[in-house]
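A.B. asks: For reference, the structure I am asking about is given below.
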Number of protein chains: 4
Amino acid sequence: MMHVPSMIKSYPKDLGKVDEVKLAACIAACIECAQTCTACADACLSEDSVGELTQCVRTDLDCADLCAATGNVLSRHTGQDLNITLAALRACWMVCKACADECEQHADRHEHCRICAEACRRCEQACMDLIAELG
Amino acid sequence: MMHVPSMIKSYPKDLGKVDEVKLAACIAACIECAQTCTACADACLSEDSVGELTQCVRTDLDCADLCAATGNVLSRHTGQDLNITLAALRACWMVCKACADECEQHADRHEHCRICAEACRRCEQACMDLIAELG
Amino acid sequence: MMHVPSMIKSYPKDLGKVDEVKLAACIAACIECAQTCTACADACLSEDSVGELTQCVRTDLDCADLCAATGNVLSRHTGQDLNITLAALRACWMVCKACADECEQHADRHEHCRICAEACRRCEQACMDLIAELG
Amino acid sequence: MMHVPSMIKSYPKDLGKVDEVKLAACIAACIECAQTCTACADACLSEDSVGELTQCVRTDLDCADLCAATGNVLSRHTGQDLNITLAALRACWMVCKACADECEQHADRHEHCRICAEACRRCEQACMDLIAELG
C-alpha cells in the first residue's frame, strides 16, 4: 500500500514530531484489518458451524468498525489533538487484541480465521508502536 | 428515534446488567452527533471564512467517524466484551468534548456550529453516563 | 430527529432546487435504517436459529453500509453533482428493498426483523421520493 | 494487499461465477481509494488556497464514503444479490470518475491531488471491469 506513505509525504503542512514510517504502517494495518475482519465475518456466516461462530462474527464486526474509524482519524494526520488520536488508537488496539484472541481459537479449523488473527495481531502491534511513539 | 429502544427490547438474549434507557440514549446520541458533524463540516466548507474553519471541519470529521463506529459497537448490544465497549465510549466521549469545544468558538457566528456543539455535548454526556454505568 | 432539518436550514449557501422536507426525511430514514439493520444483524446472531438467518444478517450488513454512506452523501447537501447523489440513492433504494423483502420473511417469528423491515420500507420510499424529486 | 485474495480463497462456499482476480482487484482498489480520498481531503484543508478547494474536499469525502461501503459489500462476496452489488459498483464507479475529474484539475499544483486522481481512476476502472464481468 505505497499510496499511504506517498500521501503522508505530499501533506502540505508540518506533521509534527510523529514518525512517518510508524504512522503509515498503522494506517495500512488498520485498513487491511478492517477489510479482513469484514471478510472473515462473512466467511464465518458461510460455515455450517455458524452457530458456534457468532461471537467471532460480532468481534469481527466491532473490529472492522473501529479499525476503519481509526484509519480515517490517522489519515487526517493532524496530530494536533493528540488526545483524540490516542483514544482512537487505544480502542483500536483493544479490539484488535480481542479479535485476534477470538479468531485464534478457530484458526486450526478455519483458514479465514487464521488469516484474520494475523491481520489483527499486526494492527494491534502497529497501534501499540504508534501509542508508544505519541504517548 | 423510537426504533432504538424498540430494537433493544426485541433482542432475543439477555443484555446483562446494562441500563437499557442509558444504552438507547447513547446509541441515539451517537448517530445524531455523527450526522450533525457530517453536515456541520459541509456547512463550514460553504462559509466564505472557510480558511478559519479548517480545524472545525477536521474535528467534525473525526467526531463523525468515531460516533458512527461507537453507535455500531453499542448497537451490537453485546456487552460481552466490556473492554471494547468502554474503550470505544472513551474515544467517543473525548472526541465529542473536543468537537463541542471547537464548535462553541464559532457558535455565535455560525448557527450550524451552535447546533453541532449541542449535539456533541449531548453525546459527550450520554457516553459519560454509560461509562459510569458500565465501568 | 429535529437536528436534521435544523442543520439543513443553517446551511450558508443556496441548496438549489431540492425539496428540503424530502431531503431531511431521506437523511433521517437512512440513518435510522442503518442503525436498525446493524441491531437486527446482531439480534439474528443471537437467535438459536441463526443458521437459517445468515442471508438476513448479510443483507442487514450491506443495507447498513449503503444507508450510512448515502446518509453522509446527502448530509453534504451539495446537490452540485446530481449524478453522485442519484447513484447513491439508487443503490440505497435497491438494498433497502432487498433487506425489507428478506426481513419480512422472518417478521412473524422475530420482532427485530419486523421492525427492521419497516425501517427499510420507510427508507426505500424516502429514497424513491427523493429520486423522483431530483431525477 | 495480498490478504484480499487470500481471504477470497479461504471462503468456505462457492463464490458463483465471479472472476476472483477482478473481485480482489476491485476490493483492493476501493479501500485504497477510500483512504487516499480521506487523506486528500485533509491535505486540501491544509492548503493556503483551501477556499478554492472546497469542491475537491467534498467530492473526496463522498468518494471515501461510497468506496468504503462498496469495498464492504464486495468483501461479503455474496454475489447472491447481484442487484445490490451492481448498484453499489455503479455508484462507486460514478463517484470515482467525478473525484478523478476534480482532482486532476489541481494535480499540477498539489501532489496529493495527483496521487488521489490516480487512485480514483484505478478504482473507476476496477469497478467498470467488475460491472462488465457481473452485468
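Letters A, B, ... go to the chains of the C-alpha cells in the order shown; residues in each chain start at 1; ligands are counted from 1 in the same order.
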Within 6 Å of chain A, which residues belong to chain D? Use only C-alpha atoms and report them as a PyMOL selection string.

C.D. replies: chain D and resi 7+10-11+39+42-43+75-76+111-112

A.B. asks: Neighbouring residues of Leu66 (chain D) were defined as those with any atom within 7 Å, considering only C-alpha atoms; residues of the same chain fewer than 4 positions away were excluded. Please report them as a PyMOL selection string.

C.D. replies: (chain C and resi 69) or (chain D and resi 62+70+92)

A.B. asks: Can you tell me which residues surround Cys123 (chain B) at a distance of at most 7 Å, considering only C-alpha atoms, apart from same-chain residues fewer than 5 positions away, and format the answer as a list of chain:residue names?

C.D. replies: B:Cys26, B:Ala29, B:Cys30, B:Cys33, B:Cys96

A.B. asks: Using only N, CA and C atoms, please write the residues we just selected to a file, as a compact mmCIF listing (two decimals), in the first residue's frame.

C.D. replies:
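out.txt written:
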```txt
# COMPACT_ATOMS: atom_id res chain seq x y z
N CYS B 26 -27.60 6.61 24.50
CA CYS B 26 -26.24 6.78 23.99
C CYS B 26 -26.17 6.42 22.50
N ALA B 29 -27.75 9.30 20.68
CA ALA B 29 -26.88 10.47 20.71
C ALA B 29 -25.71 10.31 19.74
N CYS B 30 -25.17 9.11 19.65
CA CYS B 30 -24.04 8.85 18.74
C CYS B 30 -24.42 9.06 17.28
N CYS B 33 -25.22 12.71 16.58
CA CYS B 33 -23.99 13.51 16.57
C CYS B 33 -23.20 13.27 15.29
N CYS B 96 -16.10 13.97 21.21
CA CYS B 96 -17.30 14.82 21.34
C CYS B 96 -16.97 16.06 22.16
```

A.B. asks: Please compute the CA of Thr59 (chain B)-CA of Asn83 (chain A) distance, one decimal, in Å.

C.D. replies: 11.9 Å

A.B. asks: Please return as a ChimeraX atom specification: the residues of region 42-100 of chain A that backbone DSSP assigns to helix (DSSP H, G or I).

C.D. replies: /A:42-46,50-52,54-75,82-100

A.B. asks: Take the residues from that selection and write them out as a short mmCIF file (atom, residue, chain, number, x, y, z; two decimals), in the first residue's frame, keeping N, CA and C atoms.

C.D. replies:
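Output contents, as saved in part_21.cif:
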```
data_model
loop_
_atom_site.label_atom_id
_atom_site.label_comp_id
_atom_site.auth_asym_id
_atom_site.auth_seq_id
_atom_site.Cartn_x
_atom_site.Cartn_y
_atom_site.Cartn_z
N ASP A 42 -18.08 -12.57 7.13
CA ASP A 42 -18.91 -13.16 6.08
C ASP A 42 -18.57 -14.63 5.86
N ALA A 43 -17.30 -14.97 5.95
CA ALA A 43 -16.91 -16.37 5.80
C ALA A 43 -17.45 -17.21 6.95
N CYS A 44 -17.41 -16.67 8.18
CA CYS A 44 -17.98 -17.38 9.33
C CYS A 44 -19.47 -17.65 9.11
N LEU A 45 -20.17 -16.66 8.52
CA LEU A 45 -21.60 -16.83 8.26
C LEU A 45 -21.86 -17.94 7.25
N SER A 46 -20.85 -18.28 6.45
CA SER A 46 -21.00 -19.33 5.43
C SER A 46 -20.59 -20.70 5.94
N VAL A 50 -21.89 -22.15 11.87
CA VAL A 50 -22.05 -20.72 12.19
C VAL A 50 -22.55 -20.51 13.62
N GLY A 51 -23.34 -21.45 14.11
CA GLY A 51 -23.88 -21.32 15.47
C GLY A 51 -22.82 -21.24 16.54
N GLU A 52 -21.63 -21.79 16.24
CA GLU A 52 -20.52 -21.71 17.22
C GLU A 52 -19.59 -20.53 16.94
N THR A 54 -20.76 -17.22 16.33
CA THR A 54 -21.43 -15.92 16.40
C THR A 54 -20.61 -14.88 17.16
N GLN A 55 -19.91 -15.31 18.20
CA GLN A 55 -19.07 -14.35 18.92
C GLN A 55 -17.94 -13.85 18.01
N CYS A 56 -17.45 -14.74 17.16
CA CYS A 56 -16.40 -14.37 16.22
C CYS A 56 -16.91 -13.33 15.21
N VAL A 57 -18.12 -13.56 14.70
CA VAL A 57 -18.72 -12.60 13.76
C VAL A 57 -18.83 -11.23 14.40
N ARG A 58 -19.35 -11.19 15.62
CA ARG A 58 -19.52 -9.91 16.32
C ARG A 58 -18.20 -9.19 16.55
N THR A 59 -17.23 -9.91 17.05
CA THR A 59 -15.94 -9.26 17.32
C THR A 59 -15.33 -8.78 16.02
N ASP A 60 -15.47 -9.59 14.94
CA ASP A 60 -15.02 -9.15 13.61
C ASP A 60 -15.67 -7.81 13.23
N LEU A 61 -16.99 -7.72 13.45
CA LEU A 61 -17.70 -6.50 13.03
C LEU A 61 -17.30 -5.30 13.88
N ASP A 62 -17.15 -5.50 15.19
CA ASP A 62 -16.67 -4.41 16.05
C ASP A 62 -15.27 -3.97 15.62
N CYS A 63 -14.42 -4.97 15.32
CA CYS A 63 -13.05 -4.68 14.94
C CYS A 63 -13.01 -3.92 13.61
N ALA A 64 -13.84 -4.35 12.67
CA ALA A 64 -13.90 -3.67 11.37
C ALA A 64 -14.30 -2.21 11.53
N ASP A 65 -15.31 -1.96 12.36
CA ASP A 65 -15.79 -0.58 12.56
C ASP A 65 -14.73 0.30 13.21
N LEU A 66 -14.09 -0.21 14.26
CA LEU A 66 -13.12 0.63 14.99
C LEU A 66 -11.82 0.80 14.21
N CYS A 67 -11.40 -0.22 13.47
CA CYS A 67 -10.21 -0.08 12.62
C CYS A 67 -10.45 0.94 11.50
N ALA A 68 -11.63 0.88 10.88
CA ALA A 68 -11.93 1.82 9.80
C ALA A 68 -11.95 3.25 10.33
N ALA A 69 -12.59 3.46 11.48
CA ALA A 69 -12.66 4.81 12.05
C ALA A 69 -11.26 5.30 12.44
N THR A 70 -10.46 4.42 13.03
CA THR A 70 -9.11 4.82 13.45
C THR A 70 -8.24 5.11 12.23
N GLY A 71 -8.36 4.30 11.19
CA GLY A 71 -7.64 4.56 9.95
C GLY A 71 -7.98 5.93 9.37
N ASN A 72 -9.26 6.31 9.47
CA ASN A 72 -9.67 7.64 8.99
C ASN A 72 -9.08 8.75 9.85
N VAL A 73 -9.17 8.59 11.18
CA VAL A 73 -8.63 9.61 12.09
C VAL A 73 -7.13 9.80 11.82
N LEU A 74 -6.40 8.69 11.66
CA LEU A 74 -4.96 8.78 11.40
C LEU A 74 -4.67 9.38 10.02
N SER A 75 -5.56 9.13 9.06
CA SER A 75 -5.36 9.66 7.70
C SER A 75 -5.53 11.16 7.66
N LEU A 82 -3.81 15.34 20.06
CA LEU A 82 -3.22 14.06 20.38
C LEU A 82 -4.16 13.20 21.22
N ASN A 83 -4.99 13.83 22.02
CA ASN A 83 -5.90 13.06 22.88
C ASN A 83 -6.87 12.21 22.07
N ILE A 84 -7.38 12.79 20.98
CA ILE A 84 -8.32 12.05 20.14
C ILE A 84 -7.60 10.88 19.46
N THR A 85 -6.43 11.18 18.89
CA THR A 85 -5.66 10.14 18.21
C THR A 85 -5.34 9.00 19.16
N LEU A 86 -4.90 9.34 20.37
CA LEU A 86 -4.54 8.29 21.32
C LEU A 86 -5.75 7.48 21.78
N ALA A 87 -6.87 8.15 22.00
CA ALA A 87 -8.08 7.43 22.43
C ALA A 87 -8.55 6.48 21.33
N ALA A 88 -8.49 6.93 20.08
CA ALA A 88 -8.87 6.06 18.97
C ALA A 88 -7.91 4.88 18.88
N LEU A 89 -6.62 5.15 18.99
CA LEU A 89 -5.62 4.08 18.93
C LEU A 89 -5.81 3.06 20.05
N ARG A 90 -6.15 3.53 21.25
CA ARG A 90 -6.34 2.60 22.37
C ARG A 90 -7.55 1.71 22.13
N ALA A 91 -8.65 2.29 21.61
CA ALA A 91 -9.83 1.49 21.32
C ALA A 91 -9.51 0.47 20.22
N CYS A 92 -8.77 0.90 19.22
CA CYS A 92 -8.42 0.03 18.10
C CYS A 92 -7.49 -1.10 18.58
N TRP A 93 -6.50 -0.75 19.36
CA TRP A 93 -5.57 -1.74 19.92
C TRP A 93 -6.33 -2.81 20.70
N MET A 94 -7.29 -2.36 21.52
CA MET A 94 -8.03 -3.29 22.38
C MET A 94 -8.90 -4.25 21.58
N VAL A 95 -9.59 -3.71 20.57
CA VAL A 95 -10.49 -4.56 19.79
C VAL A 95 -9.69 -5.51 18.89
N CYS A 96 -8.52 -5.07 18.41
CA CYS A 96 -7.67 -5.96 17.60
C CYS A 96 -7.17 -7.13 18.45
N LYS A 97 -6.79 -6.82 19.68
CA LYS A 97 -6.34 -7.87 20.60
C LYS A 97 -7.48 -8.86 20.87
N ALA A 98 -8.67 -8.35 21.14
CA ALA A 98 -9.81 -9.23 21.41
C ALA A 98 -10.16 -10.07 20.19
N CYS A 99 -10.10 -9.47 19.01
CA CYS A 99 -10.48 -10.19 17.79
C CYS A 99 -9.42 -11.23 17.43
N ALA A 100 -8.15 -10.91 17.66
CA ALA A 100 -7.09 -11.89 17.42
C ALA A 100 -7.26 -13.07 18.37
#
```

A.B. asks: Work out how far apart CA of Glu133 (chain A) and CA of Arg121 (chain A) are and give it in Å to one decimal.

C.D. replies: 18.3 Å

A.B. asks: Mind pulling up the distance from CA of Ala24 (chain A) to CA of Leu130 (chain A)?

C.D. replies: 9.9 Å
